[in-house]
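Listing of model37.csv; format and content: CSV, C-alpha atoms.
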chain,number,residue,atom,x,y,z
A,1,MET,CA,-20.7,3.0,-24.6
A,2,ARG,CA,-19.6,5.8,-22.3
A,3,PHE,CA,-17.4,5.5,-19.2
A,4,ASP,CA,-14.8,7.4,-17.2
A,5,ALA,CA,-11.1,7.4,-18.0
A,6,ALA,CA,-8.0,9.3,-17.1
A,7,VAL,CA,-7.0,11.4,-20.1
A,8,LEU,CA,-3.6,12.9,-20.6
A,9,ARG,CA,-4.1,15.9,-23.0
A,10,SER,CA,-0.6,17.3,-23.0
A,11,TYR,CA,2.9,16.4,-21.8
A,12,GLU,CA,2.7,19.1,-19.0
A,13,ASP,CA,-0.9,18.9,-17.8
A,14,PRO,CA,-2.2,16.7,-15.0
A,15,PHE,CA,-4.5,13.7,-15.9
A,16,ALA,CA,-8.1,14.6,-16.2
A,17,VAL,CA,-10.8,12.0,-15.4
A,18,GLU,CA,-13.5,12.5,-17.9
A,19,GLU,CA,-16.1,10.7,-19.9
A,20,VAL,CA,-14.9,8.8,-23.0
A,21,MET,CA,-16.7,7.0,-25.8
A,22,LEU,CA,-16.2,3.5,-27.2
A,23,ASN,CA,-17.9,3.6,-30.6
A,24,ALA,CA,-18.1,-0.1,-31.4
A,25,GLY,CA,-18.2,-3.4,-29.6
A,26,PRO,CA,-15.4,-6.0,-29.8
A,27,GLY,CA,-14.4,-7.2,-33.2
A,28,ASP,CA,-13.1,-10.7,-34.0
A,29,GLY,CA,-10.3,-11.6,-31.6
A,30,GLU,CA,-11.1,-8.8,-29.1
A,31,VAL,CA,-12.6,-8.7,-25.6
A,32,LEU,CA,-14.2,-5.9,-23.6
A,33,VAL,CA,-13.0,-5.9,-20.0
A,34,ARG,CA,-14.4,-4.1,-17.0
A,35,ILE,CA,-11.3,-2.9,-15.2
A,36,ALA,CA,-11.0,-3.9,-11.5
A,37,GLY,CA,-7.6,-2.2,-11.0
A,38,CYS,CA,-4.7,-0.9,-13.1
A,39,GLY,CA,-1.1,-0.5,-12.0
A,40,MET,CA,0.8,2.7,-12.7
A,41,CYS,CA,4.1,1.9,-14.4
A,42,ARG,CA,7.0,4.3,-15.0
A,43,THR,CA,6.5,3.6,-18.7
A,44,ASP,CA,3.2,5.4,-18.4
A,45,LEU,CA,4.8,8.4,-16.8
A,46,ALA,CA,7.7,8.4,-19.3
A,47,VAL,CA,5.2,9.6,-21.9
A,48,ARG,CA,5.7,13.0,-20.5
A,49,ARG,CA,9.3,12.9,-21.5
A,50,SER,CA,8.8,11.2,-24.9
A,51,ALA,CA,9.6,14.4,-26.9
A,52,GLY,CA,6.4,14.1,-28.9
A,53,ARG,CA,6.8,10.4,-29.9
A,54,SER,CA,3.7,9.3,-28.1
A,55,PRO,CA,0.5,10.8,-29.6
A,56,LEU,CA,-1.8,12.8,-27.3
A,57,PRO,CA,-4.5,13.1,-26.1
A,58,ALA,CA,-4.5,9.5,-24.9
A,59,VAL,CA,-5.7,7.2,-22.2
A,60,LEU,CA,-2.6,5.5,-20.8
A,61,GLY,CA,-2.4,2.5,-18.4
A,62,HIS,CA,-1.1,-1.0,-19.3
A,63,GLU,CA,-1.2,-3.0,-16.1
A,64,GLY,CA,-5.0,-3.7,-16.1
A,65,ALA,CA,-6.9,-6.6,-14.6
A,66,GLY,CA,-10.7,-7.1,-14.8
A,67,VAL,CA,-13.6,-9.2,-15.8
A,68,VAL,CA,-14.5,-9.9,-19.5
A,69,VAL,CA,-18.0,-8.6,-20.2
A,70,GLU,CA,-18.1,-9.2,-24.0
A,71,ALA,CA,-16.1,-11.2,-26.5
A,72,GLY,CA,-16.0,-10.7,-30.2
A,73,GLY,CA,-16.0,-13.4,-32.9
A,74,SER,CA,-15.5,-17.1,-32.1
A,75,GLY,CA,-12.6,-18.8,-30.5
A,76,THR,CA,-11.1,-15.6,-29.1
A,77,GLY,CA,-10.1,-17.2,-25.8
A,78,PRO,CA,-11.5,-15.5,-22.8
A,79,ILE,CA,-15.3,-15.5,-22.5
A,80,PRO,CA,-17.7,-13.3,-20.5
A,81,GLY,CA,-17.2,-13.7,-16.8
A,82,ASP,CA,-13.6,-14.7,-17.0
A,83,HIS,CA,-11.2,-12.9,-14.7
A,84,VAL,CA,-8.2,-11.7,-16.7
A,85,VAL,CA,-4.8,-9.9,-16.4
A,86,LEU,CA,-3.9,-7.7,-19.3
A,87,SER,CA,-0.4,-7.7,-20.7
A,88,PHE,CA,1.4,-6.1,-23.7
A,89,ASP,CA,0.3,-6.5,-27.3
A,90,SER,CA,2.0,-8.5,-30.0
A,91,CYS,CA,1.1,-9.6,-33.5
A,92,GLY,CA,1.3,-13.3,-33.0
A,93,HIS,CA,2.6,-14.2,-36.4
A,94,CYS,CA,6.1,-12.7,-36.8
A,95,ARG,CA,9.2,-14.9,-36.3
A,96,ASN,CA,9.7,-13.8,-32.7
A,97,CYS,CA,6.1,-14.3,-31.7
A,98,LEU,CA,6.1,-17.8,-33.2
A,99,GLY,CA,9.3,-18.4,-31.4
A,100,ALA,CA,7.7,-17.8,-28.0
A,101,ALA,CA,9.3,-14.3,-27.7
A,102,PRO,CA,6.3,-12.0,-28.0
A,103,ALA,CA,8.1,-9.1,-26.2
A,104,TYR,CA,10.4,-8.9,-29.2
A,105,CYS,CA,7.5,-8.9,-31.7
A,106,ASP,CA,8.5,-7.1,-35.0
A,107,GLY,CA,5.6,-4.8,-34.4
A,108,PHE,CA,6.1,-4.2,-30.7
A,109,ALA,CA,6.7,-0.4,-30.9
A,110,ALA,CA,3.9,0.2,-33.3
A,111,LEU,CA,1.4,-1.9,-31.4
A,112,ASN,CA,2.3,-0.7,-27.9
A,113,LEU,CA,4.0,2.6,-27.9
A,114,PHE,CA,3.4,4.7,-31.0
A,115,GLY,CA,-0.2,4.5,-31.9
A,116,GLY,CA,-1.7,1.0,-31.4
A,117,ARG,CA,-3.6,-0.8,-34.1
A,118,SER,CA,-4.4,1.8,-36.8
A,119,GLU,CA,-7.6,0.0,-37.9
A,120,ASN,CA,-9.1,0.7,-34.4
A,121,ALA,CA,-8.1,4.4,-34.2
A,122,ALA,CA,-11.5,6.0,-34.7
A,123,ARG,CA,-13.3,3.8,-32.3
A,124,PHE,CA,-12.1,5.5,-29.1
A,125,THR,CA,-13.0,9.2,-28.6
A,126,ASP,CA,-13.7,11.7,-25.9
A,127,ALA,CA,-17.3,12.7,-25.1
A,128,ALA,CA,-17.3,15.4,-27.7
A,129,GLY,CA,-16.1,13.1,-30.4
A,130,GLY,CA,-12.5,14.2,-30.4
A,131,GLY,CA,-10.0,11.5,-31.3
A,132,LEU,CA,-7.9,9.8,-28.6
A,133,ALA,CA,-4.8,7.9,-29.5
A,134,PRO,CA,-5.3,4.2,-30.2
A,135,ARG,CA,-5.0,1.8,-27.3
A,136,TRP,CA,-1.8,2.2,-25.3
A,137,PHE,CA,-0.2,-1.3,-25.0
A,138,GLY,CA,-3.4,-2.7,-26.5
A,139,GLN,CA,-5.2,-1.6,-23.3
A,140,SER,CA,-5.6,2.1,-22.3
A,141,SER,CA,-6.7,0.7,-18.9
A,142,PHE,CA,-6.6,3.9,-16.8
A,143,ALA,CA,-10.4,3.6,-17.3
A,144,ALA,CA,-13.5,1.8,-16.2
A,145,TYR,CA,-13.4,-0.4,-19.3
A,146,ALA,CA,-10.8,-1.5,-21.8
A,147,MET,CA,-11.1,-3.1,-25.3
A,148,VAL,CA,-8.1,-5.4,-25.8
A,149,PRO,CA,-6.9,-8.1,-28.2
A,150,ALA,CA,-7.8,-11.4,-26.7
A,151,ARG,CA,-4.1,-12.5,-26.9
A,152,ASN,CA,-3.4,-9.7,-24.4
A,153,ALA,CA,-5.8,-11.2,-21.8
A,154,VAL,CA,-4.6,-14.0,-19.5
A,155,ARG,CA,-7.2,-16.0,-17.5
A,156,VAL,CA,-6.6,-16.2,-13.8
A,157,ASP,CA,-8.2,-17.9,-10.8
A,158,PRO,CA,-11.4,-16.0,-9.8
A,159,SER,CA,-10.5,-16.5,-6.2
A,160,LEU,CA,-7.5,-14.2,-6.5
A,161,PRO,CA,-7.7,-10.5,-5.5
A,162,LEU,CA,-8.4,-9.3,-9.0
A,163,GLU,CA,-7.9,-5.6,-8.3
A,164,LEU,CA,-4.3,-6.2,-7.3
A,165,LEU,CA,-3.2,-8.4,-10.2
A,166,GLY,CA,-2.6,-5.9,-13.0
A,167,PRO,CA,1.1,-5.3,-12.3
A,168,LEU,CA,1.7,-9.0,-13.0
A,169,GLY,CA,1.1,-8.1,-16.7
A,170,CYS,CA,4.2,-5.8,-16.9
A,171,GLY,CA,6.2,-4.5,-13.9
A,172,PHE,CA,6.3,-7.6,-11.7
A,173,LEU,CA,6.4,-9.8,-14.8
A,174,THR,CA,9.5,-7.9,-16.0
A,175,GLY,CA,11.5,-8.3,-12.8
A,176,ALA,CA,10.5,-11.8,-12.0
A,177,GLY,CA,10.8,-12.9,-15.6
A,178,ALA,CA,14.4,-11.5,-15.8
A,179,VAL,CA,15.4,-13.8,-13.0
A,180,LEU,CA,13.4,-16.9,-13.8
A,181,ASN,CA,13.4,-16.7,-17.6
A,182,SER,CA,16.4,-14.6,-18.8
A,183,PHE,CA,18.8,-15.8,-16.2
A,184,GLY,CA,17.2,-19.1,-15.3
A,185,ALA,CA,18.4,-18.6,-11.7
A,186,GLY,CA,18.1,-21.4,-9.3
A,187,PRO,CA,19.5,-22.8,-6.0
A,188,GLY,CA,23.1,-21.8,-5.4
A,189,ASP,CA,23.0,-18.9,-7.9
A,190,THR,CA,23.7,-15.3,-6.9
A,191,VAL,CA,21.7,-12.4,-8.2
A,192,ALA,CA,22.5,-8.7,-7.6
A,193,VAL,CA,19.6,-6.4,-8.2
A,194,VAL,CA,20.4,-2.7,-8.7
A,195,GLY,CA,17.3,-0.5,-8.0
A,196,ALA,CA,14.7,-1.8,-5.6
A,197,GLY,CA,11.6,-0.3,-7.2
A,198,ALA,CA,8.6,-2.4,-8.4
A,199,VAL,CA,10.7,-4.3,-11.0
A,200,GLY,CA,13.7,-4.7,-8.8
A,201,LEU,CA,11.8,-6.0,-5.8
A,202,ALA,CA,9.9,-8.4,-8.0
A,203,ALA,CA,13.3,-9.7,-9.1
A,204,VAL,CA,14.4,-10.1,-5.4
A,205,MET,CA,11.2,-12.0,-4.6
A,206,ALA,CA,11.7,-14.3,-7.6
A,207,ALA,CA,15.4,-14.9,-6.8
A,208,THR,CA,14.5,-15.9,-3.3
A,209,ALA,CA,11.6,-18.1,-4.5
A,210,ALA,CA,14.0,-19.8,-6.9
A,211,GLY,CA,16.5,-20.5,-4.1
A,212,ALA,CA,19.1,-18.0,-5.2
A,213,VAL,CA,21.1,-15.6,-3.0
A,214,ALA,CA,20.0,-12.0,-3.6
A,215,VAL,CA,21.7,-8.7,-3.0
A,216,ALA,CA,19.7,-5.5,-3.5
A,217,VAL,CA,21.1,-2.0,-4.1
A,218,ASP,CA,19.1,1.2,-3.7
A,219,ARG,CA,19.3,4.7,-2.2
A,220,HIS,CA,15.9,4.6,-0.4
A,221,PRO,CA,16.3,3.0,3.1
A,222,GLU,CA,12.6,2.0,3.1
A,223,ARG,CA,13.1,0.0,-0.1
A,224,LEU,CA,16.2,-1.6,1.2
A,225,ALA,CA,14.2,-2.6,4.2
A,226,LEU,CA,11.6,-4.3,1.9
A,227,ALA,CA,14.4,-6.1,0.0
A,228,GLU,CA,15.6,-7.5,3.3
A,229,LYS,CA,12.1,-8.5,4.3
A,230,PHE,CA,12.0,-10.5,1.0
A,231,GLY,CA,15.2,-12.3,1.7
A,232,ALA,CA,17.9,-10.1,0.2
A,233,THR,CA,21.0,-8.6,1.7
A,234,ALA,CA,20.7,-4.8,1.3
A,235,LEU,CA,23.4,-2.3,0.3
A,236,HIS,CA,23.0,1.5,-0.1
A,237,ALA,CA,23.8,2.7,-3.6
A,238,ALA,CA,26.3,5.2,-2.2
A,239,SER,CA,28.3,2.5,-0.3
A,240,GLY,CA,32.1,2.7,-0.8
A,241,ASP,CA,33.5,0.1,-3.2
A,242,LEU,CA,30.0,-1.2,-4.1
A,243,PRO,CA,31.3,-3.9,-6.5
A,244,GLY,CA,33.7,-5.2,-3.9
A,245,ARG,CA,31.0,-5.4,-1.3
A,246,ILE,CA,28.8,-7.4,-3.7
A,247,ARG,CA,31.7,-9.7,-4.6
A,248,ARG,CA,32.3,-10.4,-0.9
A,249,LEU,CA,28.6,-11.1,-0.3
A,250,THR,CA,28.4,-13.5,-3.3
A,251,ASP,CA,31.5,-15.5,-2.8
A,252,GLY,CA,33.6,-13.9,-5.5
A,253,GLY,CA,31.0,-12.2,-7.6
A,254,ALA,CA,27.4,-12.5,-8.6
A,255,ARG,CA,26.5,-14.9,-11.4
A,256,TYR,CA,23.7,-12.5,-12.5
A,257,ALA,CA,23.0,-8.8,-12.1
A,258,LEU,CA,19.9,-6.9,-13.0
A,259,ASP,CA,20.0,-3.1,-13.4
A,260,THR,CA,16.6,-1.3,-13.3
A,261,THR,CA,18.0,2.3,-12.9
A,262,GLY,CA,19.6,3.1,-16.3
A,263,SER,CA,22.4,4.8,-14.4
A,264,ALA,CA,25.8,4.5,-16.1
A,265,PRO,CA,27.9,4.5,-12.9
A,266,LEU,CA,25.7,1.8,-11.3
A,267,ILE,CA,25.7,-0.3,-14.5
A,268,ASN,CA,29.5,-0.2,-14.4
A,269,ASP,CA,29.4,-1.1,-10.7
A,270,ALA,CA,27.1,-4.0,-11.5
A,271,LEU,CA,29.4,-5.3,-14.3
A,272,ARG,CA,32.4,-5.1,-11.9
A,273,SER,CA,30.5,-7.1,-9.3
A,274,LEU,CA,30.0,-10.1,-11.6
A,275,ARG,CA,32.1,-13.3,-11.5
A,276,PRO,CA,33.7,-14.5,-14.7
A,277,ARG,CA,31.1,-15.3,-17.4
A,278,GLY,CA,28.5,-13.4,-15.4
A,279,HIS,CA,25.5,-11.8,-17.1
A,280,LEU,CA,24.1,-8.3,-16.5
A,281,GLY,CA,20.6,-7.6,-17.7
A,282,LEU,CA,19.3,-4.1,-18.3
A,283,VAL,CA,15.5,-3.4,-18.2
A,284,ALA,CA,15.5,0.4,-18.1
A,285,ARG,CA,15.5,2.3,-21.4
A,286,LEU,CA,18.8,4.3,-21.8
A,287,HIS,CA,18.4,7.9,-22.9
A,288,ALA,CA,22.2,8.6,-23.4
A,289,GLU,CA,25.3,6.8,-24.4
A,290,LEU,CA,26.5,4.1,-22.0
A,291,PRO,CA,30.3,4.4,-21.4
A,292,LEU,CA,31.7,1.2,-20.1
A,293,ASP,CA,34.8,1.2,-17.9
A,294,THR,CA,37.9,-0.6,-19.1
A,295,GLY,CA,37.8,-4.2,-18.1
A,296,THR,CA,34.2,-4.5,-17.2
A,297,LEU,CA,33.4,-7.0,-20.0
A,298,ASP,CA,36.6,-9.0,-19.5
A,299,ARG,CA,36.6,-12.8,-18.7
A,300,GLY,CA,33.4,-13.7,-20.5
A,301,ARG,CA,31.1,-11.2,-18.8
A,302,ARG,CA,28.2,-10.1,-20.9
A,303,ILE,CA,25.4,-7.5,-21.0
A,304,SER,CA,22.0,-7.6,-22.6
A,305,HIS,CA,18.7,-5.8,-22.7
A,306,ILE,CA,15.7,-7.7,-21.3
A,307,CYS,CA,12.2,-6.7,-22.5
A,308,GLU,CA,9.2,-7.8,-20.5
A,309,GLY,CA,11.2,-10.4,-18.6
A,310,ASP,CA,11.5,-12.5,-21.8
A,311,ALA,CA,8.0,-13.7,-20.8
A,312,VAL,CA,5.1,-15.4,-22.5
A,313,PRO,CA,2.4,-13.8,-20.4
A,314,ALA,CA,0.0,-16.7,-20.7
A,315,LEU,CA,2.7,-18.9,-19.0
A,316,MET,CA,4.3,-16.4,-16.7
A,317,ILE,CA,1.3,-14.8,-15.1
A,318,PRO,CA,-0.1,-18.1,-13.8
A,319,ARG,CA,3.4,-19.1,-12.5
A,320,LEU,CA,3.5,-15.9,-10.5
A,321,THR,CA,0.0,-16.2,-9.1
A,322,GLY,CA,0.9,-19.8,-8.1
A,323,LEU,CA,4.0,-18.5,-6.3
A,324,TRP,CA,1.9,-15.9,-4.5
A,325,GLN,CA,-0.6,-18.5,-3.4
A,326,ALA,CA,2.3,-20.5,-2.0
A,327,GLY,CA,3.5,-17.5,0.0
A,328,ARG,CA,6.7,-17.2,-2.1
A,329,PHE,CA,6.0,-14.0,-4.2
A,330,PRO,CA,4.2,-11.5,-1.9
A,331,PHE,CA,3.8,-8.8,-4.6
A,332,ASP,CA,0.7,-7.5,-2.8
A,333,GLN,CA,2.9,-6.0,-0.1
A,334,LEU,CA,4.3,-3.5,-2.7
A,335,ILE,CA,0.9,-2.1,-3.7
A,336,ARG,CA,-1.0,0.9,-2.5
A,337,THR,CA,-4.4,1.5,-4.0
A,338,TYR,CA,-5.9,4.8,-5.1
A,339,PRO,CA,-9.3,5.7,-6.6
A,340,LEU,CA,-8.9,6.5,-10.3
A,341,THR,CA,-10.0,10.1,-9.4
A,342,ASP,CA,-6.7,10.4,-7.4
A,343,ILE,CA,-4.5,9.5,-10.3
A,344,ASN,CA,-2.5,12.7,-10.0
A,345,GLU,CA,-1.7,12.0,-6.3
A,346,ALA,CA,-0.7,8.5,-7.3
A,347,GLU,CA,1.7,9.9,-10.0
A,348,ALA,CA,3.2,12.4,-7.5
A,349,ASP,CA,3.7,9.6,-4.9
A,350,CYS,CA,5.3,7.3,-7.5
A,351,GLU,CA,7.7,10.0,-8.8
A,352,ALA,CA,8.7,10.9,-5.2
A,353,GLY,CA,9.3,7.3,-4.2
A,354,ARG,CA,6.6,7.3,-1.6
A,355,VAL,CA,5.0,4.3,-3.1
A,356,VAL,CA,6.5,1.3,-4.9
A,357,LYS,CA,3.5,0.3,-7.0
A,358,PRO,CA,0.3,2.5,-7.2
A,359,VAL,CA,-2.8,0.7,-8.4
A,360,LEU,CA,-5.8,2.7,-9.6
A,361,ILE,CA,-9.3,1.5,-8.8
A,362,PRO,CA,-12.0,2.8,-11.2

Mind converting the file's structure to structure tokens?
Amino acid sequence: MRFDAAVLRSYEDPFAVEEVMLNAGPGDGEVLVRIAGCGMCRTDLAVRRSAGRSPLPAVLGHEGAGVVVEAGGSGTGPIPGDHVVLSFDSCGHCRNCLGAAPAYCDGFAALNLFGGRSENAARFTDAAGGGLAPRWFGQSSFAAYAMVPARNAVRVDPSLPLELLGPLGCGFLTGAGAVLNSFGAGPGDTVAVVGAGAVGLAAVMAATAAGAVAVAVDRHPERLALAEKFGATALHAASGDLPGRIRRLTDGGARYALDTTGSAPLINDALRSLRPRGHLGLVARLHAELPLDTGTLDRGRRISHICEGDAVPALMIPRLTGLWQAGRFPFDQLIRTYPLTDINEAEADCEAGRVVKPVLIP
């Protein structure tokens, strides 16, 4: 079948919406999904800075949501007509997958970042027959259709606004999952969130929903205003004595802190803001050494990297949609939609901080 997709042909060029070809229907354990909307994540945009590690040309996009139009094999899970949110790929049989930690799958990088499933490489081409990199995060959902492993696709209530749900499969899942899964935050806990983008604001909403006290740090006043709207106390990143301010707001120090920036100075500030035995989680990928100031890890404080919010998508996505239906996780207020043909405008707005979460509508 032929359909439109946004193709990135080089690290410097803009996206080009063009016709692509899927040369075979779904195999056993796969579903074909008509995309209703796909979030744009900074992981997609980071491909431009990947120093050749991500093969191009490729169709990116890994926060898709849509309707199953065809299912391959038997017992694959979703069936035609099901509304689904698409999440990251995982093998399903390594020790971590079997231990309910699919984000730490032994094959995560190979399946999601550096080429996809090699057995499917030749099935996805441009209109002239030229090869496109195998599916990005098992999806390549900057497109009208996506072929995905059934284990990536999570059924959702068909009454929900499907075109807006895609970011629940990655960005919002990461921020909320860090708070609800990795930290297990609850009433009486204190959570400092450094960086109030899509991941950080999802963490703020989750902390508030869990009954925790949230403090949000960012340099964009409009994002700090959103954090306050969602129940957090807002602090500008350039505030003097940022750790001291956070400690005063959290009665002696935050129990948990989440950094979404990858900034070494802010990471050290976050560590200094923790109470004894506090936990700092990092979600951003670090591109340089991380120097830690003397004393930041004293008194039982610890630091860890959190991937995909430590989430099992089939459990976490319904939890988040349930919170949204209860009015406690208003993620839709972070979204601005764009036609797929305006993908380059969406990228520019995202990079400039003019939008928190772009969602592309084919």

Legend entry - Non-local contacts of Pro339 in chain A (10 Å; only C-alpha atoms; under 6 positions in same chain excluded) as a ChimeraX atom specification: /A:37,345-346,359-362

Using only C-alpha atoms, tabulate the residues of range 127-163 of chain A lying at most 7 Å from any atom of range 90-114 of chain A, each with its closest atom pair and that distance in Å to one decimal, by chain and increasing residue number, as CSV.
residue,atom,partner,partner_atom,distance
A:Trp136,CA,A:Asn112,CA,5.7
A:Phe137,CA,A:Asn112,CA,3.9
A:Gly138,CA,A:Asn112,CA,6.2

How about saving the chosen residues, C-alpha atoms kept, as an mmCIF file, in the frame of the given file?
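Below is the file that was written, out-v2.cif:
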data_model
loop_
_atom_site.group_PDB
_atom_site.id
_atom_site.type_symbol
_atom_site.label_atom_id
_atom_site.label_comp_id
_atom_site.auth_asym_id
_atom_site.auth_seq_id
_atom_site.Cartn_x
_atom_site.Cartn_y
_atom_site.Cartn_z
ATOM 1 C CA TRP A 136 -1.800 2.200 -25.300
ATOM 2 C CA PHE A 137 -0.200 -1.300 -25.000
ATOM 3 C CA GLY A 138 -3.400 -2.700 -26.500
#

Inset, instruction - Could you check which of A:Arg223, A:Val217, A:Ala270, A:Pro313 is closest to Pro243 in chain A, using all atoms listed in the file? - result: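 Checking each candidate against Pro243 in chain A, we get A:Ala270 as the closest.
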
Inset, instruction - Quick one: pull the distance between CA of Leu224 in chain A and CA of Ala192 in chain A, Å, one decimal. - result: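 Atom-to-atom, CA of Leu224 in chain A to CA of Ala192 in chain A, that is 12.9 Å.
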
Legend entry - Nearest to Ala144 in chain A by atom-to-atom distance, counting all atoms listed in the file, from A:Ala65, A:Leu266, A:Val283, A:Leu297: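 Answer, going by the shortest atom-to-atom distance: A:Ala65.
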
Inset, instruction - Could you give me, as a list in words, the residues within 10 Å of Ala196 in chain A, counting only C-alpha atoms and dropping anything in the same chain fewer than 3 positions from it? - result: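 Result of the neighbour search: Val193, Val199, Gly200, Leu201, Ala202, Ala203, Val204, Ala216, Val217, Asp218, Arg219, His220, Glu222, Arg223, Leu224, Ala225, Leu226, Ala227, Ala234, Asp259, Thr260, Thr261 and Val356 of chain A.
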
Inset, instruction - Select all residues near (-9.1, -10.5, -17.4) (cut-off 10 Å, inclusive, file coordinates), counting all atoms listed in the file, and output them as JSON, numbers by chain. - result: {"A": [31, 32, 33, 34, 35, 36, 64, 65, 66, 67, 68, 69, 78, 79, 80, 81, 82, 83, 84, 85, 86, 87, 148, 150, 152, 153, 154, 155, 156, 157, 158, 162, 165, 166]}

Inset, instruction - For the point (-14.9, 8.8, -28.2) in the file's frame, write as a PyMOL selection string all residues with an atom no more than 7 Å away, counting all atoms listed in the file. - result: chain A and resi 20-23+123-127+129-131

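CA of Cys41 in chain A is positioned 11.9 Å from CA of Leu173 in chain A.
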
Inset, instruction - Using all atoms listed in the file, pick whichever of A:Ala288, A:Ala146, A:Leu132, A:Leu160 has the shortest atom-to-atom distance to Gly322 in chain A. - result: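 That would be A:Leu160, the residue with the smallest distance to Gly322 in chain A.
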
Return range 171-177 of chain A, completed with all heavy atoms, as a PDB file, in the coordinates of the input.
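Result file result_17.pdb:
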ATOM      1  N   GLY A 171       5.142  -4.764 -14.843  1.00  0.00           N
ATOM      2  CA  GLY A 171       6.200  -4.500 -13.900  1.00  0.00           C
ATOM      3  C   GLY A 171       6.750  -5.678 -13.179  1.00  0.00           C
ATOM      4  O   GLY A 171       7.968  -5.971 -13.177  1.00  0.00           O
ATOM      5  N   PHE A 172       5.857  -6.381 -12.508  1.00  0.00           N
ATOM      6  CA  PHE A 172       6.300  -7.600 -11.700  1.00  0.00           C
ATOM      7  C   PHE A 172       6.714  -8.680 -12.675  1.00  0.00           C
ATOM      8  O   PHE A 172       7.640  -9.436 -12.369  1.00  0.00           O
ATOM      9  CB  PHE A 172       5.164  -8.026 -10.813  1.00  0.00           C
ATOM     10  CG  PHE A 172       4.781  -7.020  -9.758  1.00  0.00           C
ATOM     11  CD1 PHE A 172       3.537  -7.078  -9.142  1.00  0.00           C
ATOM     12  CD2 PHE A 172       5.643  -6.011  -9.366  1.00  0.00           C
ATOM     13  CE1 PHE A 172       3.167  -6.169  -8.155  1.00  0.00           C
ATOM     14  CE2 PHE A 172       5.296  -5.087  -8.395  1.00  0.00           C
ATOM     15  CZ  PHE A 172       4.046  -5.165  -7.786  1.00  0.00           C
ATOM     16  N   LEU A 173       6.040  -8.812 -13.815  1.00  0.00           N
ATOM     17  CA  LEU A 173       6.400  -9.800 -14.800  1.00  0.00           C
ATOM     18  C   LEU A 173       7.839  -9.553 -15.318  1.00  0.00           C
ATOM     19  O   LEU A 173       8.630 -10.480 -15.517  1.00  0.00           O
ATOM     20  CB  LEU A 173       5.412  -9.769 -15.959  1.00  0.00           C
ATOM     21  CG  LEU A 173       5.693 -10.571 -17.220  1.00  0.00           C
ATOM     22  CD1 LEU A 173       4.404 -11.249 -17.703  1.00  0.00           C
ATOM     23  CD2 LEU A 173       6.201  -9.658 -18.329  1.00  0.00           C
ATOM     24  N   THR A 174       8.196  -8.271 -15.493  1.00  0.00           N
ATOM     25  CA  THR A 174       9.500  -7.900 -16.000  1.00  0.00           C
ATOM     26  C   THR A 174      10.619  -8.317 -15.027  1.00  0.00           C
ATOM     27  O   THR A 174      11.617  -8.953 -15.402  1.00  0.00           O
ATOM     28  CB  THR A 174       9.593  -6.421 -16.317  1.00  0.00           C
ATOM     29  OG1 THR A 174       8.673  -6.121 -17.366  1.00  0.00           O
ATOM     30  CG2 THR A 174      10.986  -6.009 -16.741  1.00  0.00           C
ATOM     31  N   GLY A 175      10.455  -7.929 -13.749  1.00  0.00           N
ATOM     32  CA  GLY A 175      11.500  -8.300 -12.800  1.00  0.00           C
ATOM     33  C   GLY A 175      11.601  -9.736 -12.506  1.00  0.00           C
ATOM     34  O   GLY A 175      12.710 -10.304 -12.507  1.00  0.00           O
ATOM     35  N   ALA A 176      10.468 -10.383 -12.273  1.00  0.00           N
ATOM     36  CA  ALA A 176      10.500 -11.800 -12.000  1.00  0.00           C
ATOM     37  C   ALA A 176      10.939 -12.605 -13.226  1.00  0.00           C
ATOM     38  O   ALA A 176      11.709 -13.569 -13.127  1.00  0.00           O
ATOM     39  CB  ALA A 176       9.118 -12.286 -11.535  1.00  0.00           C
ATOM     40  N   GLY A 177      10.461 -12.185 -14.397  1.00  0.00           N
ATOM     41  CA  GLY A 177      10.800 -12.900 -15.600  1.00  0.00           C
ATOM     42  C   GLY A 177      12.323 -12.795 -15.912  1.00  0.00           C
ATOM     43  O   GLY A 177      12.933 -13.752 -16.408  1.00  0.00           O
TER      44      GLY A 177
END
